[in-house]
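What follows is a set of notes on a single structure, which appears directly below.
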There are 2 protein chains.
Amino acid sequence: MRIGELAAQTGLSRDTVRFYERTGLLTARRLPNGYRDFPPEAVPWLRYVRTAQALGFSLAEIARTGEELSGVPDAAGALSELFREKIALIDARMAELAGLRADLAARVGAGCPLAPA
Amino acid sequence: MRIGELAAQTGLSRDTVRFYERTGLLTARRLPNGYRDFPPEAVPWLRYVRTAQALGFSLAEIARTGEELSGVPDAAGALSELFREKIALIDARMAELAGLRADLAARVGAGCPLAPA
DNA sequence: CTCGACGGTGGAGTAGGGTCCAAGGTCAAG
DNA sequence: CTTGACCTTGGACCCTACTCCACCGTCGAG
């Protein structure tokens, strides 16, 4: 698939896709005329990238896990493992938020809400 | 309190404190020799800034709520209100994370974890 | 053959949030 | 009086994640 279609299917701009390829987040073959040719898996991969980004991962980190993933025989299994890790991360992040929430809740209504924790 | 002490007590660098003052996140009087003189409340305020930042607020947004806060007679009450809003925000963020978590959990173990959501 | 949509490249620019540096002033201790 | 810690300023620089631009090549339709 060429860049325009990939961009359309993921909602990214063509510039962003090119940027992602430059930074190693994405790889493409080249057609004889020099056009990029992306595999169909690029679509779900980019969706995953967006998710990971929403979880606070930098593009560099995402690219690294992507590299680790390619070349592994059991890609589906490895990916499942990766997802399990991300879930643990979400749980940690949610616990962190719960802590912040409790801290704020304790301050609400206190005489001086900015008093040290 | 001078900049060094404020930096030490908040764990920020002196440069960061100056940067925050420049961007209006923080105000300081000046001593006769030109040194910045921060009020003691700057310490909990900066802690609050870090919290708000962790919640995804930009420094500009935080500065704006800070401005709204000063000049209000019932500062403690206003701040409590602000905290209530932040709590709602945390709840929203947690719900978002719960959604992502469910998405990932559904994919774990699936034949193709990258299949469309 | 020309046109328009699409693709390519390199390079500059942006916003946000700092970080570092050089040159110099202030001040208490020795 | 010097030294060292601390403070000032202005300005340059960095990283991340894009975004835009000019200029050029490719290709199918009319």
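As shown in the structure tokens, the chain order sets the letters A, B, ...; within each chain, residues go from 1, and ligands are also counted from 1 in the order they appear.
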
> Taking only C-alpha atoms into account, what are the residues of chain A at most 6 Å from chain B, put as a VMD selection string?
Replying inline: chain A and resid 44 76 80 83 87 101 104 108 to 109 112 114

>> Select, as an MDAnalysis selection string, those residues of chain B with any atom no more than 9 Å from chain D (distances computed using only C-alpha atoms (C1' of nucleotides)).
In response: chainID B and resid 2:4 33:36

File of the preceding selection, C-alpha atoms, as a PDB file, in the first residue's frame:
ATOM      1  CA  ARG B   2      15.979  32.991  47.782  1.00  0.00           C
ATOM      2  CA  ILE B   3      16.105  30.916  44.647  1.00  0.00           C
ATOM      3  CA  GLY B   4      18.616  28.355  45.849  1.00  0.00           C
ATOM      4  CA  ASN B  33      20.315  43.697  45.815  1.00  0.00           C
ATOM      5  CA  GLY B  34      18.172  42.359  42.999  1.00  0.00           C
ATOM      6  CA  TYR B  35      17.913  38.811  44.289  1.00  0.00           C
ATOM      7  CA  ARG B  36      14.527  37.127  43.940  1.00  0.00           C
TER       8      ARG B  36
END

> Which residue gives the smallest distance to chain A among C:DC6, C:DA12, C:DC20, C:DA28, with only C-alpha atoms (C1' of nucleotides) counted?
Replying inline: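 Going through C:DC6, C:DA12, C:DC20, C:DA28 one by one, the smallest distance to chain A is for C:DC6.
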
> Closest to chain C among A:Gln9, A:Arg50, A:Arg30, A:Gly24, using only C-alpha atoms (C1' of nucleotides)?
Replying inline: A:Arg30

>> Considering only helix (DSSP H, G or I) as DSSP defines it on the backbone, what residues of chain A qualify? List them as JSON, numbers by chain.
In response: {"A": [3, 4, 5, 6, 7, 8, 9, 10, 14, 15, 16, 17, 18, 19, 20, 21, 22, 42, 43, 44, 45, 46, 47, 48, 49, 50, 51, 52, 53, 54, 59, 60, 61, 62, 63, 64, 65, 66, 67, 68, 69, 75, 76, 77, 78, 79, 80, 81, 82, 83, 84, 85, 86, 87, 88, 89, 90, 91, 92, 93, 94, 95, 96, 97, 98, 99, 100, 101, 102, 103, 104, 105, 106, 107]}

Just to be explicit: take each residue in the selection above, keep C-alpha atoms, and write the result as an mmCIF file, in the first residue's frame.
data_model
loop_
_atom_site.group_PDB
_atom_site.id
_atom_site.type_symbol
_atom_site.label_atom_id
_atom_site.label_comp_id
_atom_site.auth_asym_id
_atom_site.auth_seq_id
_atom_site.Cartn_x
_atom_site.Cartn_y
_atom_site.Cartn_z
ATOM 1 C CA ILE A 3 1.623 6.310 1.627
ATOM 2 C CA GLY A 4 -1.636 8.059 0.788
ATOM 3 C CA GLU A 5 -3.748 5.031 1.525
ATOM 4 C CA LEU A 6 -1.913 4.259 4.746
ATOM 5 C CA ALA A 7 -2.365 7.862 5.838
ATOM 6 C CA ALA A 8 -6.064 7.725 5.011
ATOM 7 C CA GLN A 9 -6.581 4.471 6.874
ATOM 8 C CA THR A 10 -4.807 5.603 10.017
ATOM 9 C CA ARG A 14 1.563 11.651 4.896
ATOM 10 C CA ASP A 15 4.231 13.819 6.472
ATOM 11 C CA THR A 16 3.761 12.060 9.780
ATOM 12 C CA VAL A 17 4.026 8.654 8.150
ATOM 13 C CA ARG A 18 7.254 9.702 6.442
ATOM 14 C CA PHE A 19 8.469 11.076 9.769
ATOM 15 C CA TYR A 20 7.699 7.743 11.435
ATOM 16 C CA GLU A 21 9.596 5.880 8.753
ATOM 17 C CA ARG A 22 12.590 8.173 9.144
ATOM 18 C CA ALA A 42 1.262 -1.212 8.991
ATOM 19 C CA VAL A 43 -2.325 -0.136 9.667
ATOM 20 C CA PRO A 44 -2.871 -2.041 12.929
ATOM 21 C CA TRP A 45 0.725 -1.332 13.901
ATOM 22 C CA LEU A 46 0.141 2.397 13.652
ATOM 23 C CA ARG A 47 -3.023 2.031 15.669
ATOM 24 C CA TYR A 48 -0.964 0.285 18.295
ATOM 25 C CA VAL A 49 1.577 3.097 18.149
ATOM 26 C CA ARG A 50 -1.179 5.572 18.941
ATOM 27 C CA THR A 51 -2.262 3.482 21.922
ATOM 28 C CA ALA A 52 1.248 3.189 23.267
ATOM 29 C CA GLN A 53 1.684 6.909 22.803
ATOM 30 C CA ALA A 54 -1.491 7.529 24.783
ATOM 31 C CA LEU A 59 8.204 7.224 19.841
ATOM 32 C CA ALA A 60 11.767 6.067 20.490
ATOM 33 C CA GLU A 61 10.588 3.571 23.071
ATOM 34 C CA ILE A 62 7.830 2.303 20.818
ATOM 35 C CA ALA A 63 10.288 1.894 17.964
ATOM 36 C CA ARG A 64 12.585 -0.134 20.207
ATOM 37 C CA THR A 65 9.877 -2.616 21.180
ATOM 38 C CA GLY A 66 8.936 -2.780 17.516
ATOM 39 C CA GLU A 67 12.461 -3.792 16.591
ATOM 40 C CA GLU A 68 12.577 -6.409 19.321
ATOM 41 C CA LEU A 69 9.358 -7.798 17.939
ATOM 42 C CA ALA A 75 5.259 -12.632 16.840
ATOM 43 C CA ALA A 76 1.686 -13.015 18.044
ATOM 44 C CA GLY A 77 2.830 -14.508 21.332
ATOM 45 C CA ALA A 78 5.491 -11.867 21.806
ATOM 46 C CA LEU A 79 2.965 -9.177 21.131
ATOM 47 C CA SER A 80 0.568 -10.670 23.636
ATOM 48 C CA GLU A 81 3.379 -10.587 26.162
ATOM 49 C CA LEU A 82 4.026 -6.962 25.302
ATOM 50 C CA PHE A 83 0.373 -6.176 25.837
ATOM 51 C CA ARG A 84 0.432 -7.887 29.196
ATOM 52 C CA GLU A 85 3.311 -5.596 30.163
ATOM 53 C CA LYS A 86 1.396 -2.560 28.968
ATOM 54 C CA ILE A 87 -1.574 -3.643 31.029
ATOM 55 C CA ALA A 88 0.639 -3.830 34.094
ATOM 56 C CA LEU A 89 1.803 -0.349 33.210
ATOM 57 C CA ILE A 90 -1.723 0.913 32.947
ATOM 58 C CA ASP A 91 -2.471 -0.585 36.339
ATOM 59 C CA ALA A 92 0.550 1.157 37.819
ATOM 60 C CA ARG A 93 -0.441 4.433 36.228
ATOM 61 C CA MET A 94 -3.975 4.059 37.535
ATOM 62 C CA ALA A 95 -2.676 3.390 41.034
ATOM 63 C CA GLU A 96 -0.552 6.519 40.745
ATOM 64 C CA LEU A 97 -3.581 8.519 39.704
ATOM 65 C CA ALA A 98 -5.580 7.030 42.557
ATOM 66 C CA GLY A 99 -2.874 8.242 44.932
ATOM 67 C CA LEU A 100 -2.988 11.732 43.499
ATOM 68 C CA ARG A 101 -6.728 11.666 43.684
ATOM 69 C CA ALA A 102 -6.656 10.711 47.367
ATOM 70 C CA ASP A 103 -4.136 13.455 48.050
ATOM 71 C CA LEU A 104 -6.304 16.060 46.359
ATOM 72 C CA ALA A 105 -9.467 14.768 48.006
ATOM 73 C CA ALA A 106 -7.821 15.104 51.417
ATOM 74 C CA ARG A 107 -6.928 18.706 50.655
#
